[in-house]
Each structure stands twice: as structure tokens, then as C-alpha cells.
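> Before I ask anything, let me first share the structure, which is written out below as C-alpha cells.
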Amino acid sequence: MAKKSTWRKIITITRIGIILFSVSIALQAQDKPSDYLTSDFHQERRSSLRKILPQNSVAVLFANPVRNRANDVDYVYHQDPDFYYLTGYKEPHAVLLIFSESQKSASNRIYNELIFVQPKNKMMEMWTGVRMGPELVKSELAFEQAFNNSEFNDYNIDFDKFSKILFFNFQNDIRDVEYDQADLFDLKDQFKSKAKIPSDFNGSTQRIYSVMKDPKIEFERKKQMVFGMSRMNPRILSDPLIKEFMEAKDVELSMKTTDKIPESNLDVGTLPQLMGQLRETKSKEELRLMRIAAEVSAVGQIEVMKAMKPNMSETEVQGIHEFVFKKYGAEYEGYPSIVGAGRNGCILHYIDNTKPRLGSDLVLMDLGAEYHGYTADVTRTIPADGTFSEEQKIIYNIVLEAQQAGFEACKVGNEFGAPNKAAKEIIDKRLAEVGIIEEGESHFYFPHGTSHYVGLDVHDRGTGGPFKPNTIITVEPGIYIPDGSDCDEKWWGIAVRIEDDILITEDGWKNLSGLAPRTVEEIEKTMAQRSALDDFLLPDLKGK
Ligand code: GLY
Ligand code: MN
Ligand code: MN
């Protein structure tokens with residue numbers, strides 16, 4: 001039996017240990033913003049997914065891969081948005097399993113979800129930052145069952161018994177970290193072997209098979225869908241069963257083909273749909289983050305408008321916007337910034353941003369800040385010298401009118417395509433009026449859609465169905481007239497896009513990025529204002 005003094009020592013050391021641990025947790029907490037989504041949010045999302053999973057199924061999701069930039073430098077890590085939505089976990093090399101019904105482990109433990117994460121590792125943490133490890137995942141992310149990723153391989157899960165195993169199609173672009181037997185590469189391999197996924201498994205073919213078999217879809221519609229799904233990859237049409245199906249003249253013949261499709265519980269088609277159902281409408285917590293992302297992106301646009309000068313470069317414009325949103329604590333761009341002066345604006349996803357001098361060009365700036373995972377997607381197009389030319393103004397005002405018509409179509413119950421239809425009608429009509437096209441002529445001056453969902457992804461998941469309250473979409477018509485177009489030269493090189501993030505509410509819509517000036521008058525007025533950056537003068541470089 002230990003003496004009294006020994007006990008006292010043990011108690012004192014334990015107390016000091018607890019205090020130090022708490023202080024270290026508190027200090028770590030001070031290093032992070034306090035307004036991330038809560039663990040309650042992520043936990044509730046997991047249970048919402050569980051409720052819509054097919055009976056006797058399991059959904060298996062993986063963290064995003066680490067991407068190498070060059071040599072021994074990786075890109076800044078960004079979690080897969082579905083994984084983040086369901087967990088709040090921001091580290092790589094993890095796998096999540098959500099079961100439709102409760103499961104019992106060999107040791108009689110009941111569970112309906114499991115997560116396997118990076119282990120704690122003092123040495124690695126010194127290089128790349130603190131890892132949560134299973135214990136913090138349990139206490140901070142509200143998981144009952146969390147394990148080191150090295151335990152996944154031996155964890156006994158009988159995948160054969162599930163009617164459906166839901167997962168996202170595999171991409172063959174993950175590096176294998178040689179010294180780690182439980183990195184993402186291995187976790188996927190282990191899953192493939194546990195779930196008996198054949199080495200020649202082709203997710204795209206499987207998705208088409210499930211459309212072919214779906215009793216709810218009418219025969220002709222199925223053919224259209226199969227054709228649409230294989231358009232990007234015509235090799236798929238050479239699959240014998242798909243080929244036979246497409247050649248079938250009637251439903252009976254097509255069923256002879258679909259009967260030959262091997263039964264399988266592997267399903268890569270359902271999970272994207274279910275995640276789209278969940279992510280399409282935003283909760284109160286998500287709306288708060290989206291409002292901030294949109295507002296800081298709009299403030300950034302205002303500051304750029306004030307600061308822009310003809311002798312600035314596209315890169316500098318990008319930098320000013322980034323400086324502003326980072327001042328508000330928005331971590332990254334939600335997508336690579338697009339700053340296209342003059343003809344560069346005609347390249348829809350121009351991300352070089354290398355033009356050294358803006359001159360009197362119209363500058364198209366598609367700039368979205370990401371705040372705690374949620375990104376805005378906001379575009380303004382402004383004249384670098386502060387004044388629109390006559391031609392620029394005419395094109396600008398057509399796009400503005402089209403955008404306004406798009407806004408008005410953002411009503412609960414309207415088809416997803418309604419803003420596009422409204423905007424396109426205006427653009428076609430007005431382009432004919434100013435003589436850029438003939439009336440009724442088809443053209444490529446507005447080559448993209450008007451709307452997409454926006455949220456954790458810039459092109460967010462959704463169902464594409466009629467609008468529901470608390471959905472956020474972009475409304476972003478544009479006109480792009482490249483050099484050499486079949487119209488008067490005076491229009492060449494003009495590119496205009498105006499893009500805002502629109503929240504669809506019970507009784508209308510709200511422009512979350514509306515703080516950024518949109519009309520010609522407002523833009524010119526804002527550009528005439530002084531900027532704090534007018535006085536931010538840097539020395540000439542000796543080496544230049
Ligand atoms: N920024 C990409 C887009 O507007 O869709
Ligand atoms: Mn955009
Ligand atoms: Mn967009």
C-alpha cells in the first residue's frame with residue numbers, strides 16, 4: 001500500500017497534468033476562429049443522411065487527397081466538401097461510414113457510424129500542425145466511435161450483407177505515401193477489397209446500368225439519359241450491354257438486356273443525389289457563413305473599384321481583393337480568382353491574371369472569398385479608367401437588365417432553369433436590337449448557363465428541381481465578344497459578366513452580394529472615390 005505522502009504526490013501530479021492539458025486545449029482554441037459550424041450541425045447532417053439512406057445500406061466517404069504542387073511542396077489542403085459537411089473534420093487520410101441501421105460489433109458495441117482518422121504523431125505534428133486524432137474527434141466532433149486510420153483494415157465489417165454500398169466514383173489520381181500503410185491510397189484499396197469491388201469496376205458504366213434498370217424512368221427518357229451520360233466518354237457506348245440497350249427497339253427488348261446486368265450491391269449513383277438533396281437548402285448556421293462570404297467578397301469589389309488605376313496589373317487587382325477578404329478572416333479564394341482585362345475577359349475561366357497594365361480596358365473580376373468552408377461567387381465588370389465607353393455601356397446595360405430579369409425569376413416553386421430562360425430572352429432580344437446578331441440567330445456570345453447552386457462548393461450540389469426556400473444560387477448572365485467576331489469591330493474585345501449570390505426565401509429573393517455596386521452610375525461614382533491604397537506607395541525595385 002502506498003504511503004499517504006505518495007498518494008498526495010500522485011494526486012498533485014494528476015491535478016497539474018489536468019490543468020496543463022486544459023490550458024493547452026484553451027490556448028489551442030485561442031488560435032482558431034470561434035465561429036465554425038458546430039459539431040451539432042455536422043452530427044445532425046449525418047442523421048439526416050441516415051434517414052434517407054436505402055434500407056440495409058452503408059455510405060462510405062473518403063477525405064480529399066493531398067495534392068502535390070511540386071517536388072516536396074503540397075498545395076494547401078482542402079477537405080472534400082461532402083466529408084466536411086458530415087464531419088467537420090479538416091484533415092486528410094480519413095474514411096467515414098454511415099449505416100442506415102444500427103450495427104453490432106464483435107464486442108457487442110452498438111454503432112451507426114464510424115470514422116477512421118489520422119493518428120496523433122508528435123514528429124509529424126511539428127512539421128504540419130496539430131492532428132485531432134480519434135480522441136478529439138470523439139470529444140469535439142461528436143463521434144462515439146472514432147479510430148486511427150491504421151485500424152480500418154482489421155475492423156470487421158461484413159460488406160456482403162448490405163443491400164447497397166453507397167460511395168462516390170473512384171478517381172485514379174491519389175498518391176501512395178510509401179511509408180504510410182493507412183494513407184488515403186491504402187484506405188481506398190482496403191475498402192475495395194473489403195467490399196469486393198472488382199479491379200475493373202467502372203463507376204460510369206454502373207451509373208448507366210442503374211438508369212437502364214430503373215423502373216420509374218420511361219423507356220425513351222432512359223435512352224436520352226444514357227446518351228447524355230455517355231456523351232463525354234463515347235467509349236462507354238461500346239460496353240456490350242449499353243450498346244444492346246441503345247439499339248433495342250422497344251421496352252420488351254430493352255428488358256432482355258437489363259435482365260443480363262449482374263446483380264450488385266455497389267452503388268455510385270445514389271450518394272451524389274442524396275448529398276445534393278441535403279446540401280441544396282442551407283441551415284441557419286450555413287446561411288450566416290454564406291452571408292459573410294458574400295459580404296466580404298462584395299466589400300472587396302468596392303475596395304478594388306476605389307483603388308483601380310490604368311497602370312495597375314491584373315495580379316494587383318487580385319491581390320487587393322484577397323487582402324480585403326483576408327482582413328475579415330476569410331481563409332481562401334473559393335475558386336481561382338478571375339481578373340480578365342479586355343479580351344482576357346472573353347476567356348470564361350481565365351486565371352492567369354498576368355496582364356501588366358489595365359489601360360482603359362473593361363476588367364471582368366470574378367472573385368469569391370471562402371469563409372469557414374463556404375464560398376461566395378461574385379463578378380463585377382468595370383472600366384479600368386473609371387468611365388464606361390459608349391459601346392461598353394450598351395453591352396453592360398444589356399447584361400444588367402438580363403440579370404435583373406434573372407433575379408425576378410428566383411421564386412420558390414419556379415423551375416431551376418427559370419432565371420436562365422429570363423436572362424437569355426433579354427440578351428437575345430437586345431443583341432439583335434443593337435445589330436450584333438440577326439433576330440432569332442443562334443450565337444455564342446452568352447455561352448454558359450445563368451445559375452448554379454453555391455455553398456461549400458462554388459458549383460454546389462443540389463437536385464436541379466424547382467426552387468425551395470433557403471437555397472442560394474448565382475445569377476450570372478454575360479456577353480463575351482472575342483476579337484474577330486462576326487459583328488462590327490467596335491464591339492470586339494468587350495466582355496461583361498455580372499454575378500450575384502441570390503438567397504431564395506419563402507416570399508422572394510435576397511441579393512447577398514448586393515453591396516457591390518451594379519449600375520453604370522454607381523460603379524463610376526464608386527471608382528471616383530479615394531482609396532486608402534492611393535497613399536500606399538512602394539519603392540521602385542532596384543532590380544527591375
Ligand atoms: N466563378 C465560376 C463561376 O462563376 O461559375
Ligand atoms: Mn463566378
Ligand atoms: Mn458562378
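Please note that chains go A, B, ... in the order of the C-alpha cells, that every chain numbers its residues from 1, and that ligands are numbered from 1 in the order shown.
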Which protein, DNA or RNA residues have an atom within 9 Å of ligand 2, counting only C-alpha atoms and all ligand atoms, as JSON, numbers by chain?

{"A": [335, 337, 338, 349, 365, 366, 367, 368, 376, 377, 378, 379, 458, 474, 476, 497, 498, 499, 500]}

> Do a neighbour search on stretch 58-64 of chain A at 10 Å with only C-alpha atoms, toss out local chain neighbours closer than 2 positions, and write the hits as a ChimeraX atom specification.

/A:49-50,53-56,66-67,77-84,86,89-101,112-117,159,162-168,174,184,187-188,191,267-268,270-271

> Would you please work out which residue, of A:Val454, A:Ile504, A:Ala293, A:Val434, is nearest to ligand 1 when using only C-alpha atoms and all ligand atoms?

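Nearest candidate to ligand 1 out of A:Val454, A:Ile504, A:Ala293, A:Val434: A:Val454.
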
> Neighbours of stretch 316-321 of chain A within 9 Å (only C-alpha atoms; same-chain residues fewer than 2 positions away dropped), as a list in words?

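Listed by chain and then number, they are Ser297, Val299, Gly300, Gln301, Glu303, Val304, Ala307, Met308, Met312, Ser313, Glu314, Phe323, Val324, Phe325, Lys326, Ser337, Ile338, Val339, Asn353, Pro356, Met365, Leu367 and Ala369 of chain A.
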
> Among stretch 233-448 of chain A, which residues carry a DSSP assignment of strand (DSSP E), reported as a ChimeraX atom specification?

/A:266-267,332-333,338-341,362-367,369-371,374-375,378-383

> Write the residues of the selection above to a file with C-alpha atoms, as a short mmCIF file (atom, residue, chain, number, x, y, z; two decimals), in the first residue's frame.


```cif
data_model
loop_
_atom_site.label_atom_id
_atom_site.label_comp_id
_atom_site.auth_asym_id
_atom_site.auth_seq_id
_atom_site.Cartn_x
_atom_site.Cartn_y
_atom_site.Cartn_z
CA LEU A 266 -22.17 -1.47 -55.35
CA ASP A 267 -23.81 1.89 -55.96
CA TYR A 332 -9.01 31.44 -49.22
CA GLU A 333 -10.42 32.12 -52.64
CA ILE A 338 -10.53 35.58 -62.47
CA VAL A 339 -9.31 39.07 -63.38
CA GLY A 340 -9.55 39.50 -67.14
CA ALA A 341 -8.89 42.86 -68.74
CA LEU A 362 -13.09 46.78 -69.20
CA VAL A 363 -11.97 44.46 -66.41
CA LEU A 364 -14.03 41.37 -65.60
CA MET A 365 -13.42 40.34 -61.97
CA ASP A 366 -14.93 37.05 -60.77
CA LEU A 367 -13.80 36.94 -57.15
CA ALA A 369 -13.97 34.57 -50.79
CA GLU A 370 -14.29 31.34 -48.86
CA TYR A 371 -15.26 31.83 -45.23
CA TYR A 374 -18.45 28.43 -47.61
CA THR A 375 -17.68 30.36 -50.76
CA VAL A 378 -19.34 37.37 -57.28
CA THR A 379 -18.45 39.11 -60.54
CA ARG A 380 -18.24 42.77 -61.39
CA THR A 381 -17.04 44.26 -64.66
CA ILE A 382 -15.64 47.77 -64.51
CA PRO A 383 -13.69 50.18 -66.76
#
```

> Give me, as a list in words, all polymer residues having an atom no more than 7 Å from A:Tyr453, counting only C-alpha atoms and skipping those fewer than 2 positions away in the same chain.

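The neighbour list is Ser451, Gly455, His459, Asp460, Arg461, Gly462, Ile472, Ile473 and Thr474 of chain A.
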
> Any chance you could export the current selection's N, CA, C and O atoms as a tab-separated table (two decimals), in the first residue's frame?


```tsv
chain	number	residue	atom	x	y	z
A	451	SER	N	-27.19	30.11	-63.86
A	451	SER	CA	-27.23	29.85	-62.42
A	451	SER	C	-26.63	28.51	-62.04
A	451	SER	O	-26.67	27.56	-62.83
A	455	GLY	N	-22.24	27.23	-52.31
A	455	GLY	CA	-22.20	26.87	-50.88
A	455	GLY	C	-20.81	26.40	-50.51
A	455	GLY	O	-19.84	27.12	-50.68
A	459	HIS	N	-19.56	25.47	-57.28
A	459	HIS	CA	-20.66	24.86	-58.03
A	459	HIS	C	-21.20	23.77	-57.11
A	459	HIS	O	-20.75	22.64	-57.13
A	460	ASP	N	-22.14	24.17	-56.28
A	460	ASP	CA	-22.55	23.33	-55.16
A	460	ASP	C	-23.49	22.21	-55.61
A	460	ASP	O	-24.05	22.26	-56.69
A	461	ARG	N	-23.64	21.25	-54.71
A	461	ARG	CA	-24.58	20.17	-55.01
A	461	ARG	C	-26.01	20.63	-54.84
A	461	ARG	O	-26.31	21.49	-53.99
A	462	GLY	N	-26.91	20.01	-55.58
A	462	GLY	CA	-28.34	20.27	-55.44
A	462	GLY	C	-29.07	19.28	-56.31
A	462	GLY	O	-28.45	18.40	-56.92
A	472	ILE	N	-29.37	28.87	-52.21
A	472	ILE	CA	-28.61	30.01	-52.75
A	472	ILE	C	-28.10	29.63	-54.13
A	472	ILE	O	-27.46	28.58	-54.30
A	473	ILE	N	-28.40	30.48	-55.09
A	473	ILE	CA	-27.89	30.25	-56.44
A	473	ILE	C	-27.21	31.53	-56.93
A	473	ILE	O	-27.45	32.62	-56.41
A	474	THR	N	-26.38	31.37	-57.95
A	474	THR	CA	-25.83	32.57	-58.60
A	474	THR	C	-26.79	32.96	-59.72
A	474	THR	O	-27.51	32.12	-60.26
```

> Excluding A:Ile502 and any residue of its chain fewer than 3 positions from it, enumerate the residues within 9 Å of it, using only C-alpha atoms, and give them as a ChimeraX atom specification.

/A:407,410,471-475,509-514

> Write the residues of the selection above to a file with N, CA and C atoms, as a PDB file, in the first residue's frame.


```
ATOM      1  N   PHE A 407     -33.047  37.669 -61.554  1.00  0.00           N
ATOM      2  CA  PHE A 407     -33.408  37.808 -60.123  1.00  0.00           C
ATOM      3  C   PHE A 407     -34.911  37.573 -59.929  1.00  0.00           C
ATOM      4  N   CYS A 410     -36.288  34.174 -59.501  1.00  0.00           N
ATOM      5  CA  CYS A 410     -35.865  33.384 -58.336  1.00  0.00           C
ATOM      6  C   CYS A 410     -37.009  33.309 -57.321  1.00  0.00           C
ATOM      7  N   THR A 471     -32.391  28.230 -50.475  1.00  0.00           N
ATOM      8  CA  THR A 471     -31.442  27.788 -51.498  1.00  0.00           C
ATOM      9  C   THR A 471     -30.674  29.027 -51.945  1.00  0.00           C
ATOM     10  N   ILE A 472     -29.375  28.868 -52.210  1.00  0.00           N
ATOM     11  CA  ILE A 472     -28.611  30.009 -52.746  1.00  0.00           C
ATOM     12  C   ILE A 472     -28.099  29.632 -54.129  1.00  0.00           C
ATOM     13  N   ILE A 473     -28.401  30.483 -55.088  1.00  0.00           N
ATOM     14  CA  ILE A 473     -27.892  30.254 -56.442  1.00  0.00           C
ATOM     15  C   ILE A 473     -27.206  31.534 -56.933  1.00  0.00           C
ATOM     16  N   THR A 474     -26.376  31.375 -57.952  1.00  0.00           N
ATOM     17  CA  THR A 474     -25.833  32.567 -58.601  1.00  0.00           C
ATOM     18  C   THR A 474     -26.789  32.960 -59.718  1.00  0.00           C
ATOM     19  N   VAL A 475     -26.794  34.253 -60.029  1.00  0.00           N
ATOM     20  CA  VAL A 475     -27.448  34.722 -61.262  1.00  0.00           C
ATOM     21  C   VAL A 475     -26.371  35.510 -61.988  1.00  0.00           C
ATOM     22  N   TRP A 509     -36.657  36.870 -52.948  1.00  0.00           N
ATOM     23  CA  TRP A 509     -35.230  36.606 -53.048  1.00  0.00           C
ATOM     24  C   TRP A 509     -34.471  37.753 -52.395  1.00  0.00           C
ATOM     25  N   LYS A 510     -33.223  37.459 -52.037  1.00  0.00           N
ATOM     26  CA  LYS A 510     -32.366  38.463 -51.421  1.00  0.00           C
ATOM     27  C   LYS A 510     -30.993  38.373 -52.049  1.00  0.00           C
ATOM     28  N   ASN A 511     -30.452  39.538 -52.429  1.00  0.00           N
ATOM     29  CA  ASN A 511     -29.118  39.531 -53.034  1.00  0.00           C
ATOM     30  C   ASN A 511     -28.060  39.629 -51.938  1.00  0.00           C
ATOM     31  N   LEU A 512     -27.359  38.534 -51.669  1.00  0.00           N
ATOM     32  CA  LEU A 512     -26.380  38.513 -50.581  1.00  0.00           C
ATOM     33  C   LEU A 512     -25.128  39.327 -50.911  1.00  0.00           C
ATOM     34  N   SER A 513     -24.876  39.541 -52.198  1.00  0.00           N
ATOM     35  CA  SER A 513     -23.671  40.282 -52.595  1.00  0.00           C
ATOM     36  C   SER A 513     -24.018  41.658 -53.164  1.00  0.00           C
ATOM     37  N   GLY A 514     -25.252  42.096 -52.877  1.00  0.00           N
ATOM     38  CA  GLY A 514     -25.767  43.335 -53.487  1.00  0.00           C
ATOM     39  C   GLY A 514     -25.057  44.608 -53.041  1.00  0.00           C
TER      40      GLY A 514
END
```

> Out of A:Leu348, A:Leu533, A:Leu538, A:Ile157, which residue has the shortest atom-to-atom distance to ligand 3 when counting only C-alpha atoms and all ligand atoms?

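Checking each candidate against ligand 3, we get A:Leu348 as the closest.
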
> Suppose you want the space between atom CA of A:Met212 and atom CA of A:Gln273; what is it in Å?

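Spanning atom CA of A:Met212 to atom CA of A:Gln273 is a straight-line distance of 16.9 Å.
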
> If we count only C-alpha atoms, what is near stretch 232-238 of chain A at a cut-off of 12 Å, once residues fewer than 6 positions away on the same chain are taken out, given as a PDB file with C-alpha atoms, in the first residue's frame?


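Listed below is the output, result_2.pdb:
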```
ATOM      1  CA  ASN A 202     -16.239   1.273 -63.825  1.00  0.00           C
ATOM      2  CA  GLY A 203     -18.424   3.691 -61.904  1.00  0.00           C
ATOM      3  CA  SER A 204     -19.689   5.460 -65.021  1.00  0.00           C
ATOM      4  CA  THR A 205     -20.894   2.178 -66.516  1.00  0.00           C
ATOM      5  CA  GLN A 206     -22.547   1.217 -63.225  1.00  0.00           C
ATOM      6  CA  ARG A 207     -24.387   4.532 -63.101  1.00  0.00           C
ATOM      7  CA  ILE A 208     -25.725   3.956 -66.593  1.00  0.00           C
ATOM      8  CA  TYR A 209     -26.763   0.412 -65.674  1.00  0.00           C
ATOM      9  CA  LYS A 223     -32.274   6.295 -73.789  1.00  0.00           C
ATOM     10  CA  VAL A 226     -27.884   7.103 -71.239  1.00  0.00           C
ATOM     11  CA  GLU A 244     -27.510  -3.506 -76.870  1.00  0.00           C
ATOM     12  CA  PHE A 245     -29.806  -1.332 -74.773  1.00  0.00           C
ATOM     13  CA  MET A 246     -29.369   1.652 -77.061  1.00  0.00           C
ATOM     14  CA  GLU A 247     -30.138  -0.500 -80.095  1.00  0.00           C
TER      15      GLU A 247
END
```

> Write out as a list in words the set of residues from stretch 323-382 of chain A that DSSP, computed on the backbone, places in alpha helix (DSSP H).

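Listing alpha helix (DSSP H) positions across stretch 323-382 of chain A yields Phe323, Val324, Phe325, Lys326 and Lys327 of chain A.
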
> Take the residues that were just selected and, keeping all heavy atoms, output them as a PDB file, in the first residue's frame.


```pdb
ATOM      1  N   PHE A 323      -6.510  40.750 -50.136  1.00  0.00           N
ATOM      2  CA  PHE A 323      -6.124  41.454 -48.908  1.00  0.00           C
ATOM      3  C   PHE A 323      -7.370  41.823 -48.103  1.00  0.00           C
ATOM      4  O   PHE A 323      -7.429  41.625 -46.888  1.00  0.00           O
ATOM      5  CB  PHE A 323      -5.333  42.723 -49.270  1.00  0.00           C
ATOM      6  CG  PHE A 323      -5.038  43.616 -48.114  1.00  0.00           C
ATOM      7  CD1 PHE A 323      -4.211  43.196 -47.084  1.00  0.00           C
ATOM      8  CD2 PHE A 323      -5.588  44.897 -48.043  1.00  0.00           C
ATOM      9  CE1 PHE A 323      -3.930  44.027 -46.003  1.00  0.00           C
ATOM     10  CE2 PHE A 323      -5.324  45.731 -46.972  1.00  0.00           C
ATOM     11  CZ  PHE A 323      -4.485  45.288 -45.947  1.00  0.00           C
ATOM     12  N   VAL A 324      -8.399  42.295 -48.811  1.00  0.00           N
ATOM     13  CA  VAL A 324      -9.621  42.734 -48.110  1.00  0.00           C
ATOM     14  C   VAL A 324     -10.318  41.535 -47.471  1.00  0.00           C
ATOM     15  O   VAL A 324     -10.644  41.560 -46.282  1.00  0.00           O
ATOM     16  CB  VAL A 324     -10.576  43.489 -49.073  1.00  0.00           C
ATOM     17  CG1 VAL A 324     -11.892  43.798 -48.374  1.00  0.00           C
ATOM     18  CG2 VAL A 324      -9.921  44.772 -49.577  1.00  0.00           C
ATOM     19  N   PHE A 325     -10.507  40.452 -48.229  1.00  0.00           N
ATOM     20  CA  PHE A 325     -11.284  39.364 -47.608  1.00  0.00           C
ATOM     21  C   PHE A 325     -10.483  38.675 -46.500  1.00  0.00           C
ATOM     22  O   PHE A 325     -11.051  38.208 -45.514  1.00  0.00           O
ATOM     23  CB  PHE A 325     -11.910  38.410 -48.639  1.00  0.00           C
ATOM     24  CG  PHE A 325     -11.028  37.449 -49.400  1.00  0.00           C
ATOM     25  CD1 PHE A 325     -10.307  36.453 -48.757  1.00  0.00           C
ATOM     26  CD2 PHE A 325     -10.990  37.494 -50.798  1.00  0.00           C
ATOM     27  CE1 PHE A 325      -9.532  35.538 -49.469  1.00  0.00           C
ATOM     28  CE2 PHE A 325     -10.218  36.573 -51.522  1.00  0.00           C
ATOM     29  CZ  PHE A 325      -9.488  35.599 -50.846  1.00  0.00           C
ATOM     30  N   LYS A 326      -9.162  38.680 -46.634  1.00  0.00           N
ATOM     31  CA  LYS A 326      -8.357  38.073 -45.562  1.00  0.00           C
ATOM     32  C   LYS A 326      -8.416  38.928 -44.292  1.00  0.00           C
ATOM     33  O   LYS A 326      -8.317  38.408 -43.186  1.00  0.00           O
ATOM     34  CB  LYS A 326      -6.919  37.851 -46.020  1.00  0.00           C
ATOM     35  CG  LYS A 326      -6.853  36.747 -47.066  1.00  0.00           C
ATOM     36  CD  LYS A 326      -5.550  36.011 -47.133  1.00  0.00           C
ATOM     37  CE  LYS A 326      -5.745  34.793 -48.030  1.00  0.00           C
ATOM     38  NZ  LYS A 326      -4.716  33.826 -48.020  1.00  0.00           N
ATOM     39  N   LYS A 327      -8.569  40.237 -44.460  1.00  0.00           N
ATOM     40  CA  LYS A 327      -8.709  41.093 -43.272  1.00  0.00           C
ATOM     41  C   LYS A 327      -9.949  40.698 -42.463  1.00  0.00           C
ATOM     42  O   LYS A 327     -10.011  40.878 -41.264  1.00  0.00           O
ATOM     43  CB  LYS A 327      -8.814  42.570 -43.687  1.00  0.00           C
ATOM     44  CG  LYS A 327      -7.471  43.276 -43.698  1.00  0.00           C
ATOM     45  CD  LYS A 327      -7.616  44.779 -43.845  1.00  0.00           C
ATOM     46  CE  LYS A 327      -7.676  45.521 -42.536  1.00  0.00           C
ATOM     47  NZ  LYS A 327      -6.430  45.553 -41.789  1.00  0.00           N
TER      48      LYS A 327
END
```

> Write out as a compact mmCIF listing (two decimals) with N, CA and C atoms, in the first residue's frame the residues lying within 12 Å of A:Glu506, counting only C-alpha atoms and excluding same-chain residues fewer than 4 positions away.


```
# COMPACT_ATOMS: atom_id res chain seq x y z
N CYS A 410 -36.29 34.17 -59.50
CA CYS A 410 -35.86 33.38 -58.34
C CYS A 410 -37.01 33.31 -57.32
N LYS A 411 -37.96 32.47 -57.60
CA LYS A 411 -39.13 32.33 -56.71
C LYS A 411 -39.30 30.88 -56.35
N VAL A 412 -39.70 30.63 -55.10
CA VAL A 412 -39.97 29.26 -54.66
C VAL A 412 -40.94 28.61 -55.65
N GLY A 413 -40.63 27.40 -56.07
CA GLY A 413 -41.52 26.65 -56.98
C GLY A 413 -41.15 26.82 -58.44
N PHE A 467 -37.28 25.52 -57.25
CA PHE A 467 -36.63 26.22 -56.13
C PHE A 467 -37.34 25.99 -54.80
N LYS A 468 -36.51 25.82 -53.77
CA LYS A 468 -37.03 25.68 -52.40
C LYS A 468 -36.50 26.85 -51.57
N PRO A 469 -37.19 27.21 -50.49
CA PRO A 469 -36.66 28.27 -49.62
C PRO A 469 -35.29 27.89 -49.06
N ASN A 470 -34.48 28.91 -48.82
CA ASN A 470 -33.13 28.74 -48.25
C ASN A 470 -32.14 28.07 -49.20
N THR A 471 -32.39 28.23 -50.47
CA THR A 471 -31.44 27.79 -51.50
C THR A 471 -30.67 29.03 -51.95
N LYS A 510 -33.22 37.46 -52.04
CA LYS A 510 -32.37 38.46 -51.42
C LYS A 510 -30.99 38.37 -52.05
```

> Can you measure atom CA of A:Pro272 to atom CA of A:Ser254 for me? One decimal in Å is fine.

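We find that atom CA of A:Pro272 and atom CA of A:Ser254 lie 26.4 Å from each other.
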
> Nearest residue to A:Gln43 out of A:Asn71, A:Ser210, A:Thr128, A:Thr87, using only C-alpha atoms?

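Looking only at the distances to A:Gln43, the closest residue turns out to be A:Thr87.
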
> Quote the spacing between atom CA of A:Ser39 and atom CA of A:Ala142 in Å to one decimal place.

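Atom CA of A:Ala142 lies 6.0 Å from atom CA of A:Ser39.
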
> So which one's closest to ligand 1, A:Pro336, A:Gly133, A:Pro310, A:Pro466? Using only C-alpha atoms and all ligand atoms, please.

A:Pro336

> Restricting the calculation to only C-alpha atoms and all ligand atoms, which member of A:Asp486, A:Glu425, A:Asp501, A:Glu218 is positioned closest to ligand 3?

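Counting only C-alpha atoms and all ligand atoms, the residue closest to ligand 3 is A:Asp501.
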